[in-house]
Structure formats: C-alpha cells, structure tokens
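Pasted below: input-v9.tsv, TSV, C-alpha atoms and all ligand atoms.
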```tsv
chain	number	residue	atom	x	y	z
A	96	MET	CA	-39.11	-9.43	18.90
A	97	ALA	CA	-38.01	-9.12	15.31
A	98	ILE	CA	-37.66	-5.90	13.34
A	99	ILE	CA	-38.82	-5.87	9.73
A	100	LEU	CA	-37.38	-3.33	7.28
A	101	GLN	CA	-40.34	-3.46	4.96
A	102	ASN	CA	-40.44	-2.81	1.23
A	103	ALA	CA	-36.86	-1.55	1.01
A	104	ALA	CA	-34.46	-1.19	-1.88
A	105	ILE	CA	-31.45	-3.25	-0.80
A	106	LEU	CA	-27.85	-2.97	-1.92
A	107	THR	CA	-26.71	-6.39	-0.77
A	108	VAL	CA	-23.00	-6.19	-1.68
A	109	ASP	CA	-23.10	-9.98	-1.79
A	110	ALA	CA	-20.83	-11.97	-4.11
A	111	ALA	CA	-23.08	-11.16	-7.09
A	112	ASN	CA	-23.56	-7.51	-6.03
A	113	ARG	CA	-27.32	-8.00	-6.17
A	114	TYR	CA	-29.56	-4.95	-5.98
A	115	LEU	CA	-33.09	-5.71	-4.79
A	116	PRO	CA	-35.47	-2.89	-5.76
A	117	ALA	CA	-38.21	-3.95	-3.31
A	118	ALA	CA	-37.69	-6.46	-0.50
A	119	ASP	CA	-38.21	-7.15	3.21
A	120	LEU	CA	-35.32	-7.66	5.61
A	121	ARG	CA	-35.88	-9.41	8.95
A	122	ILE	CA	-33.64	-8.58	11.93
A	123	GLU	CA	-33.70	-11.03	14.82
A	124	ASP	CA	-31.24	-11.66	17.67
A	125	ALA	CA	-28.73	-9.12	16.32
A	126	LYS	CA	-28.59	-10.87	12.96
A	127	ILE	CA	-30.13	-10.66	9.52
A	128	ALA	CA	-32.62	-13.51	9.85
A	129	GLY	CA	-33.95	-13.36	6.31
A	130	ILE	CA	-34.47	-11.41	3.11
A	131	GLY	CA	-37.66	-11.91	1.13
A	132	ALA	CA	-40.18	-10.40	-1.20
A	133	ALA	CA	-41.68	-7.06	-0.20
A	134	ARG	CA	-44.36	-7.40	2.52
A	135	SER	CA	-43.71	-11.11	2.95
A	136	LEU	CA	-41.72	-11.42	6.19
A	137	ALA	CA	-43.71	-9.66	8.93
A	138	GLN	CA	-45.25	-11.82	11.64
A	139	PRO	CA	-47.63	-10.78	14.43
A	140	GLY	CA	-45.74	-8.85	17.11
A	141	ASP	CA	-42.88	-7.75	14.85
A	142	GLU	CA	-41.80	-4.11	14.77
A	143	ILE	CA	-42.28	-2.92	11.20
A	144	ILE	CA	-40.21	-0.04	9.84
A	145	ASP	CA	-41.51	1.27	6.53
A	146	CYS	CA	-38.66	1.50	4.03
A	147	SER	CA	-40.64	2.13	0.87
A	148	GLU	CA	-38.69	5.40	0.48
A	149	ALA	CA	-35.36	3.96	1.65
A	150	LEU	CA	-32.22	2.28	0.41
A	151	VAL	CA	-30.69	-0.24	2.83
A	152	ALA	CA	-26.93	-0.82	2.56
A	153	PRO	CA	-24.38	-2.61	4.74
A	154	GLY	CA	-22.98	-0.28	7.41
A	155	PHE	CA	-19.78	1.44	6.33
A	156	VAL	CA	-16.51	-0.01	7.67
A	157	ASN	CA	-13.79	2.45	8.69
A	158	THR	CA	-10.51	0.52	8.69
A	159	HIS	CA	-8.32	3.21	10.24
A	160	THR	CA	-9.17	5.96	12.71
A	161	HIS	CA	-8.43	7.44	16.13
A	162	ALA	CA	-11.76	8.35	17.68
A	163	ALA	CA	-10.38	10.03	20.81
A	164	THR	CA	-8.71	12.73	18.72
A	165	ALA	CA	-12.01	14.29	17.67
A	166	HIS	CA	-11.07	17.42	19.65
A	167	PHE	CA	-8.06	18.07	17.35
A	168	ARG	CA	-10.29	19.09	14.45
A	169	GLY	CA	-9.14	22.38	12.97
A	170	ARG	CA	-5.96	22.66	15.07
A	171	ALA	CA	-3.32	22.13	12.38
A	172	GLU	CA	-4.25	23.40	8.94
A	173	ASP	CA	-2.05	23.62	5.85
A	174	MET	CA	1.09	22.49	7.65
A	175	PRO	CA	4.29	21.42	5.83
A	176	ARG	CA	5.14	17.71	5.77
A	177	GLU	CA	7.94	18.29	8.29
A	178	PHE	CA	5.37	19.32	10.91
A	179	TRP	CA	3.87	15.83	10.94
A	180	GLU	CA	7.27	14.12	10.81
A	181	GLN	CA	8.18	15.81	14.09
A	182	GLY	CA	5.77	13.73	16.14
A	183	TYR	CA	2.26	14.88	15.21
A	184	LEU	CA	2.49	17.67	17.81
A	185	VAL	CA	-0.85	19.29	17.19
A	186	PRO	CA	-1.02	22.52	19.23
A	187	GLY	CA	-2.91	22.24	22.49
A	188	GLN	CA	-2.95	18.46	22.78
A	189	GLU	CA	-0.69	18.51	25.84
A	190	LYS	CA	-3.48	19.99	27.94
A	191	PHE	CA	-6.09	17.35	27.09
A	192	THR	CA	-6.73	14.93	29.94
A	193	PRO	CA	-7.80	11.26	29.83
A	194	GLU	CA	-11.31	12.44	30.75
A	195	ASP	CA	-11.27	14.79	27.75
A	196	GLN	CA	-10.36	11.83	25.54
A	197	VAL	CA	-13.50	10.01	26.65
A	198	ILE	CA	-15.63	13.06	25.77
A	199	SER	CA	-14.07	13.06	22.30
A	200	VAL	CA	-14.60	9.31	21.85
A	201	LYS	CA	-18.29	9.66	22.62
A	202	ALA	CA	-18.63	12.55	20.16
A	203	ALA	CA	-16.73	10.64	17.47
A	204	ALA	CA	-18.83	7.50	17.92
A	205	GLY	CA	-21.98	9.61	17.57
A	206	GLU	CA	-20.65	11.33	14.47
A	207	PHE	CA	-19.59	8.06	12.86
A	208	LEU	CA	-23.01	6.52	13.46
A	209	LEU	CA	-24.81	9.57	12.06
A	210	ASN	CA	-22.59	9.23	8.97
A	211	GLY	CA	-23.57	5.57	8.47
A	212	VAL	CA	-20.32	4.11	9.82
A	213	THR	CA	-21.09	1.01	11.88
A	214	CYS	CA	-17.59	-0.38	12.43
A	215	ILE	CA	-14.26	1.30	13.19
A	216	ALA	CA	-10.73	0.01	13.62
A	217	ASP	CA	-9.51	2.36	16.32
A	218	ARG	CA	-5.92	2.86	17.37
A	219	LEU	CA	-4.48	5.17	20.04
A	220	LYS	CA	-2.81	5.21	23.41
A	221	GLY	CA	-5.36	5.16	26.24
A	222	MET	CA	-7.54	2.27	25.04
A	223	GLU	CA	-8.26	1.28	28.65
A	224	ARG	CA	-10.55	4.36	28.70
A	225	ILE	CA	-11.42	4.61	25.01
A	226	GLY	CA	-12.50	0.96	24.65
A	227	PRO	CA	-15.25	1.02	27.29
A	228	ALA	CA	-16.57	4.35	25.90
A	229	LEU	CA	-16.81	2.85	22.42
A	230	GLU	CA	-18.45	-0.26	23.83
A	231	GLU	CA	-21.09	1.93	25.51
A	232	SER	CA	-21.83	3.84	22.28
A	233	GLY	CA	-23.06	0.70	20.53
A	234	ILE	CA	-20.72	0.99	17.53
A	235	ARG	CA	-18.68	-2.04	16.40
A	236	ALA	CA	-14.95	-1.58	16.99
A	237	VAL	CA	-11.62	-3.32	16.66
A	238	LEU	CA	-9.40	-1.80	19.34
A	239	GLY	CA	-5.64	-1.53	19.36
A	240	GLU	CA	-3.46	0.19	21.94
A	241	THR	CA	-0.76	1.95	19.94
A	242	ILE	CA	2.54	0.31	20.78
A	243	SER	CA	5.85	2.10	20.31
A	244	ASP	CA	9.35	1.89	21.76
A	245	ALA	CA	8.88	5.04	23.85
A	246	ARG	CA	6.69	3.33	26.46
A	247	ALA	CA	6.47	-0.26	25.35
A	248	PRO	CA	5.93	-1.92	28.79
A	249	ALA	CA	2.87	0.24	29.54
A	250	ASP	CA	1.56	-0.24	26.00
A	251	TRP	CA	1.83	-4.01	26.37
A	252	ARG	CA	-0.04	-3.95	29.67
A	253	VAL	CA	-3.00	-2.22	28.03
A	254	THR	CA	-2.82	-4.54	25.01
A	255	GLU	CA	-2.96	-7.59	27.26
A	256	MET	CA	-5.89	-6.09	29.15
A	257	LEU	CA	-7.80	-5.47	25.90
A	258	LEU	CA	-7.15	-9.00	24.64
A	259	GLU	CA	-8.29	-10.38	27.97
A	260	ARG	CA	-11.42	-8.23	28.22
A	261	PHE	CA	-12.63	-8.15	24.61
A	262	GLY	CA	-11.02	-11.17	22.96
A	263	THR	CA	-10.63	-11.62	19.20
A	264	LYS	CA	-13.77	-13.45	18.10
A	265	PRO	CA	-15.12	-11.78	14.92
A	266	SER	CA	-18.71	-12.24	16.13
A	267	SER	CA	-18.06	-10.02	19.17
A	268	ARG	CA	-19.04	-6.38	18.73
A	269	ILE	CA	-15.84	-5.19	20.37
A	270	THR	CA	-12.60	-7.05	19.65
A	271	ALA	CA	-8.95	-6.40	20.40
A	272	GLY	CA	-5.87	-6.42	18.23
A	273	ILE	CA	-2.17	-5.61	18.46
A	274	ALA	CA	-1.30	-2.24	16.98
A	275	PRO	CA	2.37	-1.34	16.51
A	276	HIS	CA	2.55	2.34	15.55
A	277	ALA	CA	4.92	2.79	12.62
A	278	LEU	CA	8.26	1.68	11.25
A	279	ASP	CA	10.02	4.82	12.52
A	280	THR	CA	8.72	4.46	16.09
A	281	CYS	CA	8.99	0.67	16.56
A	282	SER	CA	12.25	-1.27	16.66
A	283	ASP	CA	12.54	-4.60	14.84
A	284	GLU	CA	12.63	-6.27	18.24
A	285	LEU	CA	9.33	-4.67	19.23
A	286	LEU	CA	7.69	-5.70	15.96
A	287	LYS	CA	8.90	-9.28	16.45
A	288	GLN	CA	7.46	-9.20	19.97
A	289	CYS	CA	4.09	-8.11	18.53
A	290	ARG	CA	4.11	-11.17	16.34
A	291	ARG	CA	5.24	-13.49	19.16
A	292	ILE	CA	2.50	-12.30	21.52
A	293	ALA	CA	-0.17	-12.59	18.82
A	294	GLY	CA	0.98	-16.14	18.09
A	295	HIS	CA	1.09	-17.00	21.78
A	296	LYS	CA	-2.52	-15.89	22.08
A	297	GLY	CA	-3.42	-18.34	19.35
A	298	ALA	CA	-5.32	-15.46	17.84
A	299	LEU	CA	-5.33	-15.89	14.11
A	300	GLU	CA	-8.07	-13.26	13.78
A	301	CYS	CA	-5.93	-10.93	15.80
A	302	LEU	CA	-2.99	-11.47	13.48
A	303	GLU	CA	-5.21	-11.00	10.48
A	304	ARG	CA	-6.30	-7.62	11.73
A	305	THR	CA	-3.09	-6.23	13.11
A	306	GLY	CA	-0.39	-8.82	12.65
A	307	LEU	CA	2.91	-8.65	10.91
A	308	ALA	CA	3.19	-11.71	8.67
A	309	SER	CA	2.65	-10.50	5.14
A	310	PRO	CA	-0.88	-11.73	4.34
A	311	LEU	CA	-1.91	-10.90	7.92
A	312	LEU	CA	-0.98	-7.26	8.07
A	313	VAL	CA	-3.32	-4.27	7.86
A	314	ALA	CA	-1.12	-1.45	6.66
A	315	ALA	CA	-2.49	2.06	7.06
A	316	HIS	CA	-1.77	4.54	4.25
A	317	ALA	CA	1.00	2.73	2.30
A	318	ILE	CA	1.73	5.86	0.28
A	319	TYR	CA	5.52	5.87	0.49
A	320	LEU	CA	6.32	2.93	-1.75
A	321	SER	CA	8.23	2.87	-5.02
A	322	ASP	CA	6.59	1.90	-8.32
A	323	ASP	CA	8.26	-1.53	-8.11
A	324	GLU	CA	7.02	-2.00	-4.56
A	325	PHE	CA	3.46	-1.13	-5.56
A	326	ASP	CA	3.70	-3.65	-8.40
A	327	ALA	CA	4.84	-6.34	-5.94
A	328	LEU	CA	2.39	-5.43	-3.16
A	329	PRO	CA	-0.61	-7.59	-4.20
A	330	GLU	CA	1.53	-10.74	-4.13
A	331	THR	CA	2.21	-10.26	-0.42
A	332	GLY	CA	-1.52	-10.63	0.27
A	333	LEU	CA	-1.49	-7.95	2.95
A	334	ASN	CA	-4.43	-5.62	3.60
A	335	ILE	CA	-4.46	-1.86	3.15
A	336	ALA	CA	-6.40	0.85	4.99
A	337	HIS	CA	-6.58	3.56	2.33
A	338	CYS	CA	-7.10	7.05	3.80
A	339	PRO	CA	-7.31	9.35	0.78
A	340	ALA	CA	-8.37	12.60	2.50
A	341	SER	CA	-5.72	12.37	5.22
A	342	ASN	CA	-3.00	11.43	2.73
A	343	LEU	CA	-3.92	14.25	0.37
A	344	LYS	CA	-4.36	16.87	3.07
A	345	ILE	CA	-1.18	16.40	5.10
A	346	GLU	CA	1.13	14.64	2.64
A	347	ALA	CA	-0.25	15.77	-0.74
A	348	ARG	CA	0.15	12.16	-1.86
A	349	THR	CA	-1.94	9.15	-2.66
A	350	LEU	CA	-1.40	5.57	-3.80
A	351	PRO	CA	-2.00	4.07	-7.27
A	352	LEU	CA	-5.30	2.46	-6.29
A	353	HIS	CA	-6.02	1.17	-9.80
A	354	LYS	CA	-2.91	-1.04	-9.62
A	355	LEU	CA	-4.03	-2.67	-6.36
A	356	ILE	CA	-7.82	-2.87	-6.35
A	357	GLY	CA	-9.23	-6.33	-6.93
A	358	LYS	CA	-5.83	-7.87	-6.25
A	359	MET	CA	-5.76	-7.42	-2.47
A	360	PRO	CA	-8.18	-6.38	0.31
A	361	ILE	CA	-8.34	-2.58	0.55
A	362	GLY	CA	-10.62	-0.79	2.99
A	363	LEU	CA	-11.15	2.91	3.55
A	364	GLY	CA	-10.16	4.95	6.58
A	365	THR	CA	-10.85	8.47	7.80
A	366	ASP	CA	-7.72	8.61	9.96
A	367	TRP	CA	-7.84	11.36	12.64
A	368	THR	CA	-9.56	14.71	12.64
A	369	ALA	CA	-6.31	16.70	12.75
A	370	SER	CA	-5.47	15.37	9.31
A	371	ASN	CA	-8.82	14.92	7.60
A	372	ASN	CA	-10.98	16.64	9.28
A	373	SER	CA	-14.12	14.72	8.38
A	374	MET	CA	-15.50	11.44	9.69
A	375	ASP	CA	-17.57	10.90	6.55
A	376	LEU	CA	-16.42	7.55	5.14
A	377	ALA	CA	-18.64	7.78	2.05
A	378	LEU	CA	-16.71	10.92	1.16
A	379	GLU	CA	-13.50	8.85	1.36
A	380	ALA	CA	-14.99	6.47	-1.18
A	381	ARG	CA	-15.79	9.36	-3.51
A	382	LEU	CA	-12.31	10.82	-3.13
A	383	ALA	CA	-10.67	7.42	-3.64
A	384	ALA	CA	-12.61	6.99	-6.88
A	385	LEU	CA	-12.03	10.49	-8.26
A	386	ILE	CA	-8.35	10.80	-7.35
A	387	GLY	CA	-7.84	7.18	-8.38
A	388	LYS	CA	-9.23	7.89	-11.84
A	389	MET	CA	-6.89	10.83	-12.17
A	390	VAL	CA	-3.83	8.82	-11.08
A	391	ALA	CA	-4.83	6.02	-13.46
A	392	ASP	CA	-5.40	8.58	-16.21
A	393	ASP	CA	-8.47	6.52	-17.05
A	394	PRO	CA	-12.08	7.38	-16.11
A	395	THR	CA	-13.19	3.77	-16.55
A	396	LYS	CA	-11.11	2.65	-13.54
A	397	LEU	CA	-12.43	2.40	-9.96
A	398	GLY	CA	-16.03	1.78	-10.89
A	399	VAL	CA	-19.02	2.34	-8.65
A	400	THR	CA	-19.37	-1.32	-7.69
A	401	GLU	CA	-15.72	-1.55	-6.66
A	402	MET	CA	-16.06	1.55	-4.52
A	403	ILE	CA	-19.24	0.29	-2.82
A	404	ARG	CA	-17.35	-2.90	-1.96
A	405	MET	CA	-14.40	-0.92	-0.62
A	406	LEU	CA	-16.76	1.05	1.63
A	407	THR	CA	-18.28	-2.12	3.08
A	408	ILE	CA	-17.23	-5.75	2.47
A	409	ASP	CA	-13.61	-5.08	1.49
A	410	GLY	CA	-13.12	-3.06	4.67
A	411	ALA	CA	-14.64	-5.91	6.65
A	412	ARG	CA	-12.32	-8.35	4.88
A	413	ALA	CA	-9.28	-6.22	5.66
A	414	LEU	CA	-10.25	-6.39	9.34
A	415	GLY	CA	-10.93	-10.13	9.25
A	416	LEU	CA	-14.65	-9.54	9.90
A	417	ASP	CA	-16.16	-10.37	6.49
A	418	SER	CA	-17.72	-13.58	7.79
A	419	GLU	CA	-19.86	-11.42	10.09
A	420	ILE	CA	-20.39	-8.02	8.49
A	421	GLY	CA	-19.90	-6.03	5.26
A	422	SER	CA	-22.79	-7.38	3.19
A	423	ILE	CA	-26.51	-7.98	3.57
A	424	GLU	CA	-26.94	-11.75	3.69
A	425	ALA	CA	-28.96	-14.01	5.97
A	426	GLY	CA	-26.92	-15.05	8.98
A	427	LYS	CA	-24.69	-11.99	9.11
A	428	ARG	CA	-24.79	-9.44	11.92
A	429	ALA	CA	-27.42	-6.77	11.34
A	430	ASP	CA	-25.07	-3.80	10.77
A	431	LEU	CA	-27.11	-1.68	8.38
A	432	VAL	CA	-27.56	1.87	7.17
A	433	VAL	CA	-31.00	2.97	5.99
A	434	ILE	CA	-30.70	5.85	3.55
A	435	ASP	CA	-33.58	8.23	2.88
A	436	LYS	CA	-34.38	8.12	-0.82
A	437	ALA	CA	-36.67	11.12	-0.44
A	438	ARG	CA	-33.60	13.34	-0.05
A	439	LEU	CA	-32.81	15.30	-3.19
A	440	GLU	CA	-29.24	13.92	-3.26
A	441	MET	CA	-30.64	10.43	-3.75
A	442	THR	CA	-32.99	11.52	-6.56
A	443	PRO	CA	-33.60	10.43	-9.28
A	444	ASP	CA	-33.04	6.78	-8.54
A	445	PHE	CA	-31.61	5.41	-11.79
A	446	ASP	CA	-28.51	4.00	-10.07
A	447	ALA	CA	-28.71	3.73	-6.27
A	448	ALA	CA	-25.07	2.64	-5.94
A	449	ALA	CA	-23.83	5.60	-7.98
A	450	ASN	CA	-25.97	7.94	-5.89
A	451	LEU	CA	-24.34	6.55	-2.76
A	452	ILE	CA	-20.79	7.07	-4.05
A	453	TYR	CA	-21.19	10.34	-5.92
A	454	ALA	CA	-24.18	12.24	-4.50
A	455	PHE	CA	-24.84	10.95	-0.97
A	456	ASN	CA	-24.52	13.27	2.00
A	457	PRO	CA	-24.69	12.09	5.64
A	458	ARG	CA	-27.93	14.00	6.06
A	459	CYS	CA	-29.46	11.21	3.91
A	460	VAL	CA	-28.82	8.69	6.73
A	461	ARG	CA	-32.18	7.87	8.30
A	462	ASP	CA	-31.55	4.82	10.51
A	463	VAL	CA	-28.46	2.90	11.56
A	464	PHE	CA	-28.34	-0.56	13.11
A	465	VAL	CA	-25.39	-2.31	14.75
A	466	ASP	CA	-25.93	-5.89	15.93
A	467	GLY	CA	-29.64	-5.24	15.31
A	468	ALA	CA	-29.75	-2.30	17.75
A	469	ARG	CA	-31.20	0.88	16.24
A	470	LEU	CA	-28.56	3.46	17.15
A	471	VAL	CA	-29.83	6.14	14.76
A	472	ALA	CA	-33.57	6.59	14.24
A	473	ASN	CA	-34.94	9.18	11.82
A	474	GLY	CA	-31.58	10.95	11.70
A	475	LYS	CA	-31.12	11.15	15.48
A	476	LEU	CA	-28.90	9.20	17.86
A	477	THR	CA	-30.91	6.96	20.16
A	478	ARG	CA	-28.33	6.52	22.94
A	479	ALA	CA	-26.91	10.04	23.08
A	480	ASP	CA	-27.96	13.60	22.44
A	481	GLU	CA	-26.04	15.15	19.54
A	482	ALA	CA	-26.34	18.69	20.88
A	483	GLU	CA	-25.00	17.60	24.26
A	484	LEU	CA	-22.07	15.75	22.65
A	485	ALA	CA	-21.24	18.92	20.70
A	486	ARG	CA	-21.50	21.12	23.81
A	487	ALA	CA	-19.17	18.79	25.72
A	488	GLN	CA	-16.64	18.96	22.87
A	489	ARG	CA	-16.78	22.74	22.75
A	490	ARG	CA	-16.15	22.96	26.50
A	491	LEU	CA	-12.77	21.25	25.92
A	492	VAL	CA	-11.40	24.17	23.93
B	1	ZN	ZN	-3.64	7.16	11.65
```
Give the structure from this file in structure tokens form.
Ligand SMILES: [Zn+2]
Amino acid sequence: MAIILQNAAILTVDAANRYLPAADLRIEDAKIAGIGAARSLAQPGDEIIDCSEALVAPGFVNTHTHAATAHFRGRAEDMPREFWEQGYLVPGQEKFTPEDQVISVKAAAGEFLLNGVTCIADRLKGMERIGPALEESGIRAVLGETISDARAPADWRVTEMLLERFGTKPSSRITAGIAPHALDTCSDELLKQCRRIAGHKGALECLERTGLASPLLVAAHAIYLSDDEFDALPETGLNIAHCPASNLKIEARTLPLHKLIGKMPIGLGTDWTASNNSMDLALEARLAALIGKMVADDPTKLGVTEMIRMLTIDGARALGLDSEIGSIEAGKRADLVVIDKARLEMTPDFDAAANLIYAFNPRCVRDVFVDGARLVANGKLTRADEAELARAQRRLV
C-alpha cells in the first residue's frame, strides 16, 4: 500500500533547490515513488495523510554523533580545554554498563527522530550492542566501531563483524564503516591498517564514509588547522562533519565555514551529549550560519539555501549516501520530515526555508519517515514510548 502526503509544501533540496508550494508526494516500497500536483497522486486503497498545513523536507542528516552517550548529558559543564584532552573522562561513566549503553542508544534514537533527524553517522566502542539497538529503532545509521591503539585487536573484531553483518551498500538502512578515533590515539601503522582493510573489502563506499585517502575522508570537527591549511583544505576533496555547538562549548573554537562551503562536502553533527548537550540538528544549522557570519564578518555569507543543503543533502554527500537520501526526488529513499506549519514558529510563511533555519523548533515536527516507515506520527514515536525512554534514562543516574 502506498502512502500519499497530500497537498504539501515541499522543500525538495534538489539540484535547483525547488520549493513546491502545493504538491502530492507518493511513498511506495520505502521510496519516493512520485511527486505531482496537489490531489493528483492518490489511488484507491492508498493511505492519505493530509499535509495542507505542513512543510515536507528531506530528513536531517547528522554526520557525527555518539548515540550511546546520551546518559552523559549535563555531567561535564564549563570545563577547561585540558579536561577534554585528558581522555574525555566524564564523571560517572566508569559505572555505566553495556546494558546501560543500549538504554541510552534507544533514548537517543527516539530523540533524534522527534527532532527530524533520520540518519546518523554513529561512532563509539561497543557497536556490537549499539548497532542492533539502532537497527531496531528504525533510524538510518552508518556505524563505526571506534578504533584506537589502546585495544586495536578487539576494535578490529567488532569492525569486521559490523562489515559482515551490515555491509556498505548505500541503499541499506544500516551500513558499516571503519572509524579510527583521532590522530593522537591512533598510530600511523593503525591508520594505514584502516586503509588496507577498507581496500581489501573492496568497499569504496566504506572508504568514502570513513576512509583515509584525502577525498575519501570524513573528518569530524577540523577546528585545529592553520589559516594556510584551511585555504588548502578544499583542494584535498575530503568531507567535513561540522559540529558547531560541541566545538564552541568545549573548545570555544569554530572553523571558517565561509572559506570552505561550496568548495567541499560539509555536513553537520551534534557530537555527543557531554559536549553539546542537544541532539537538535536544525539548531546546529542555525549556529553554523550565525557564528559563520560573524567569523566571515559578512552577514551575506552562509545563506539560507546553503544551510538547508548542509542540513540534508550535503550531509548525505559527506557520508556517501547522496544517491539514496538527502533530497526529495523520485526514486530516492523516503526519509522525510513533515513539519507542522500551524505552529507559531513556522508562521507567517513568506520563506519556508528561512523559517526552518532560523525559527524552527523540534516541537514543529509532526511526522517522520525513514525508508517509508512512519516512525513519528503527530509528534509521537510509533515504535517506542517517549516517557518510558526518559524513565529508563533517569534510572541510570
Ligand atoms: Zn565526536
């Protein structure tokens, strides 16, 4: 049975950035089967969802996060930079068990979906437990077991298991990658091994998401580069996961986004709750634009259209998934967020894209689809109970 989003305003984020003020969108077999004139696509037996008071946008793509750390929210506030350099030792984390991690993953997946995030690139140790929990939630995810020198053999075992179980095909809802941690925790030899294994797997998509060759690397943060290095960065062709809130909150730094945008794929990331503490990716887009304008010393930089693309298709491109998600086009996976235009934040409706970047609040999210499955309906999770997820999180403290 098909689902029809009927009479919707649609922010396509296609190559021409078309905005359709009134259209139908047909969802069939997990994909966007068609887009047509308002009230033109419904057939007998279809499920019709009235969207005459809704804006439909591509689901938001979070290019860097750690879902299982949801229980660290509020545990390390206003710390000096040295605190984070000493191993991210957030107080209390030593007592959290693998089972607790799964509780946090479920809560994080629910929160992301309620915020309109349909895809996350998730990195942490413990993916053998985290991966299946994310798979069950219905969200789209690119999984990477964090690999570092400290326990490389065990990290590799999990990585191999993920690659075996989930594969690297972009059309799969859950895919695996190779996720070396950072330059100060991975030896050159380990990084070379990451590249060798990725090559051995014949997994170009895998390299594109987490690899090490310059155009194939997704670099999280990238805030500690010199001016010359920033100038040279676009030529490398690598991808960046820009995490403005995390960078500002724990490092009091950011990157010169205006120098990079449009020259290389840049997605947005929430990073983890100890350093953010929000999972609201649209807020990251707003921060990236506002701080970016200040750094550029130019309010014309980082325009609304560029930020909408960063929130959706550019994030998908950074993860190597833009052939499948990130825009609303026939043939793509039906990863969609339906935003309630009756909310005051979305009113008046002179510029729907600007409302989404500068006025939107997650409470405006009405429905969320991933692979055509309705995971949020009328502001409520369909596969989990928000209150129960919250209670389970609170019991961890
Ligand atoms: Zn991170």
Kindly work out which residues sit at most 9 Å from ligand ZN 1 (chain B), using only C-alpha atoms and all ligand atoms, and give the list as a ChimeraX atom specification.
/A:159-161,217-219,276,315-316,338,341,364-367,370
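Of the listed residues (A:Asp409, A:Gly226, A:Ala274, A:Glu424), A:Glu424 comes nearest to Gly131 of chain A; the distances count all atoms listed in the file.
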Quick one: distance from atom CA of Arg412 of chain A to atom CA of Val471 of chain A in Å, one decimal?
24.8 Å
Which of A:Tyr319, A:Trp251, A:Phe155, A:Phe445 sits closest to Leu209 of chain A [using all atoms listed in the file]
A:Phe155
Place a sphere of radius 9 Å on (-20.2, 1.4, 2.5) in the file coordinates and name every protein, DNA or RNA residue with an atom inside or on its surface, counting all atoms listed in the file; give the answer as a CSV table (one decimal) with C-alpha atoms, in the frame of the given file.
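This is the output file part.csv:
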```
chain,number,residue,atom,x,y,z
A,152,ALA,CA,-26.9,-0.8,2.6
A,153,PRO,CA,-24.4,-2.6,4.7
A,154,GLY,CA,-23.0,-0.3,7.4
A,155,PHE,CA,-19.8,1.4,6.3
A,156,VAL,CA,-16.5,0.0,7.7
A,157,ASN,CA,-13.8,2.4,8.7
A,211,GLY,CA,-23.6,5.6,8.5
A,212,VAL,CA,-20.3,4.1,9.8
A,376,LEU,CA,-16.4,7.6,5.1
A,377,ALA,CA,-18.6,7.8,2.0
A,380,ALA,CA,-15.0,6.5,-1.2
A,402,MET,CA,-16.1,1.6,-4.5
A,403,ILE,CA,-19.2,0.3,-2.8
A,404,ARG,CA,-17.4,-2.9,-2.0
A,405,MET,CA,-14.4,-0.9,-0.6
A,406,LEU,CA,-16.8,1.0,1.6
A,407,THR,CA,-18.3,-2.1,3.1
A,408,ILE,CA,-17.2,-5.8,2.5
A,410,GLY,CA,-13.1,-3.1,4.7
A,421,GLY,CA,-19.9,-6.0,5.3
A,432,VAL,CA,-27.6,1.9,7.2
A,451,LEU,CA,-24.3,6.6,-2.8
A,452,ILE,CA,-20.8,7.1,-4.0
```
For atom CA of Leu229 of chain A and atom CA of Lys475 of chain A, determine how far apart the two atoms are, in Å to one decimal place.
17.9 Å
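Counting all atoms listed in the file and comparing A:Ala340, A:Ile98, A:Val108, A:Leu382, the residue that lies closest to Ala125 of chain A is A:Ile98.
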Nearest to Ala204 of chain A: which of A:Leu484, A:Leu397, A:Leu136, A:Leu106 is it, counting all atoms listed in the file?
A:Leu484
Contacts of Arg469 of chain A within 12 Å, all atoms listed in the file, excl. fewer than 6 positions in-chain, as a ChimeraX atom specification:
/A:98,100,122,125,142,144,208-209,211,213,232-234,429-433,461-463,475-478
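Residues in contact with Gly187 of chain A at up to 10 Å, not including ones fewer than 2 positions away on its chain and judged by only C-alpha atoms, are His166, Phe167, Arg170, Leu184, Val185, Glu189, Lys190, Phe191 and Val492 of chain A.
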Nearest residue to Glu148 of chain A from the set A:Ala437, A:Ala245, A:Ala216, A:Ala163 (distances using all atoms listed in the file):
A:Ala437
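Look at everything within 7 Å of (-38.1, -10.8, 19.5) using only C-alpha atoms, and the residues you get are A:Met96, A:Ala97, A:Glu123.
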Among the residues A:Val465, A:Thr107, A:Ala454, A:Ile386, the one that comes closest to Glu230 of chain A [using all atoms listed in the file]:
A:Val465
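Picture a line from atom CA of Glu240 of chain A to atom CA of Ala336 of chain A; it runs 17.2 Å.
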Quick one: residues within 10 Å of Arg260 of chain A, only C-alpha atoms, excluding same-chain residues fewer than 5 positions away - as a PyMOL selection string?
chain A and resi 226+254-255+269-271
So which residues touch segment 174-177 of chain A within 9 Å, counting all atoms listed in the file, skipping near sequence neighbours fewer than 3 positions away, as a list in words?
Ala171, Glu180, Gln181, Ile345, Glu346 and Ala347 of chain A
Residues within 10 Å of Leu328 of chain A, please, as a compact mmCIF listing (two decimals) with C-alpha atoms, in the frame of the given file. Count all atoms listed in the file; anything in the same chain fewer than 4 positions from it doesn't count.
```txt
# COMPACT_ATOMS: atom_id res chain seq x y z
CA SER A 309 2.65 -10.50 5.14
CA ALA A 317 1.00 2.73 2.30
CA LEU A 320 6.32 2.93 -1.75
CA ASP A 322 6.59 1.90 -8.32
CA ASP A 323 8.26 -1.53 -8.11
CA GLU A 324 7.02 -2.00 -4.56
CA GLY A 332 -1.52 -10.63 0.27
CA LEU A 333 -1.49 -7.95 2.95
CA ASN A 334 -4.43 -5.62 3.60
CA ILE A 335 -4.46 -1.86 3.15
CA LYS A 354 -2.91 -1.04 -9.62
CA LEU A 355 -4.03 -2.67 -6.36
CA LYS A 358 -5.83 -7.87 -6.25
CA MET A 359 -5.76 -7.42 -2.47
```
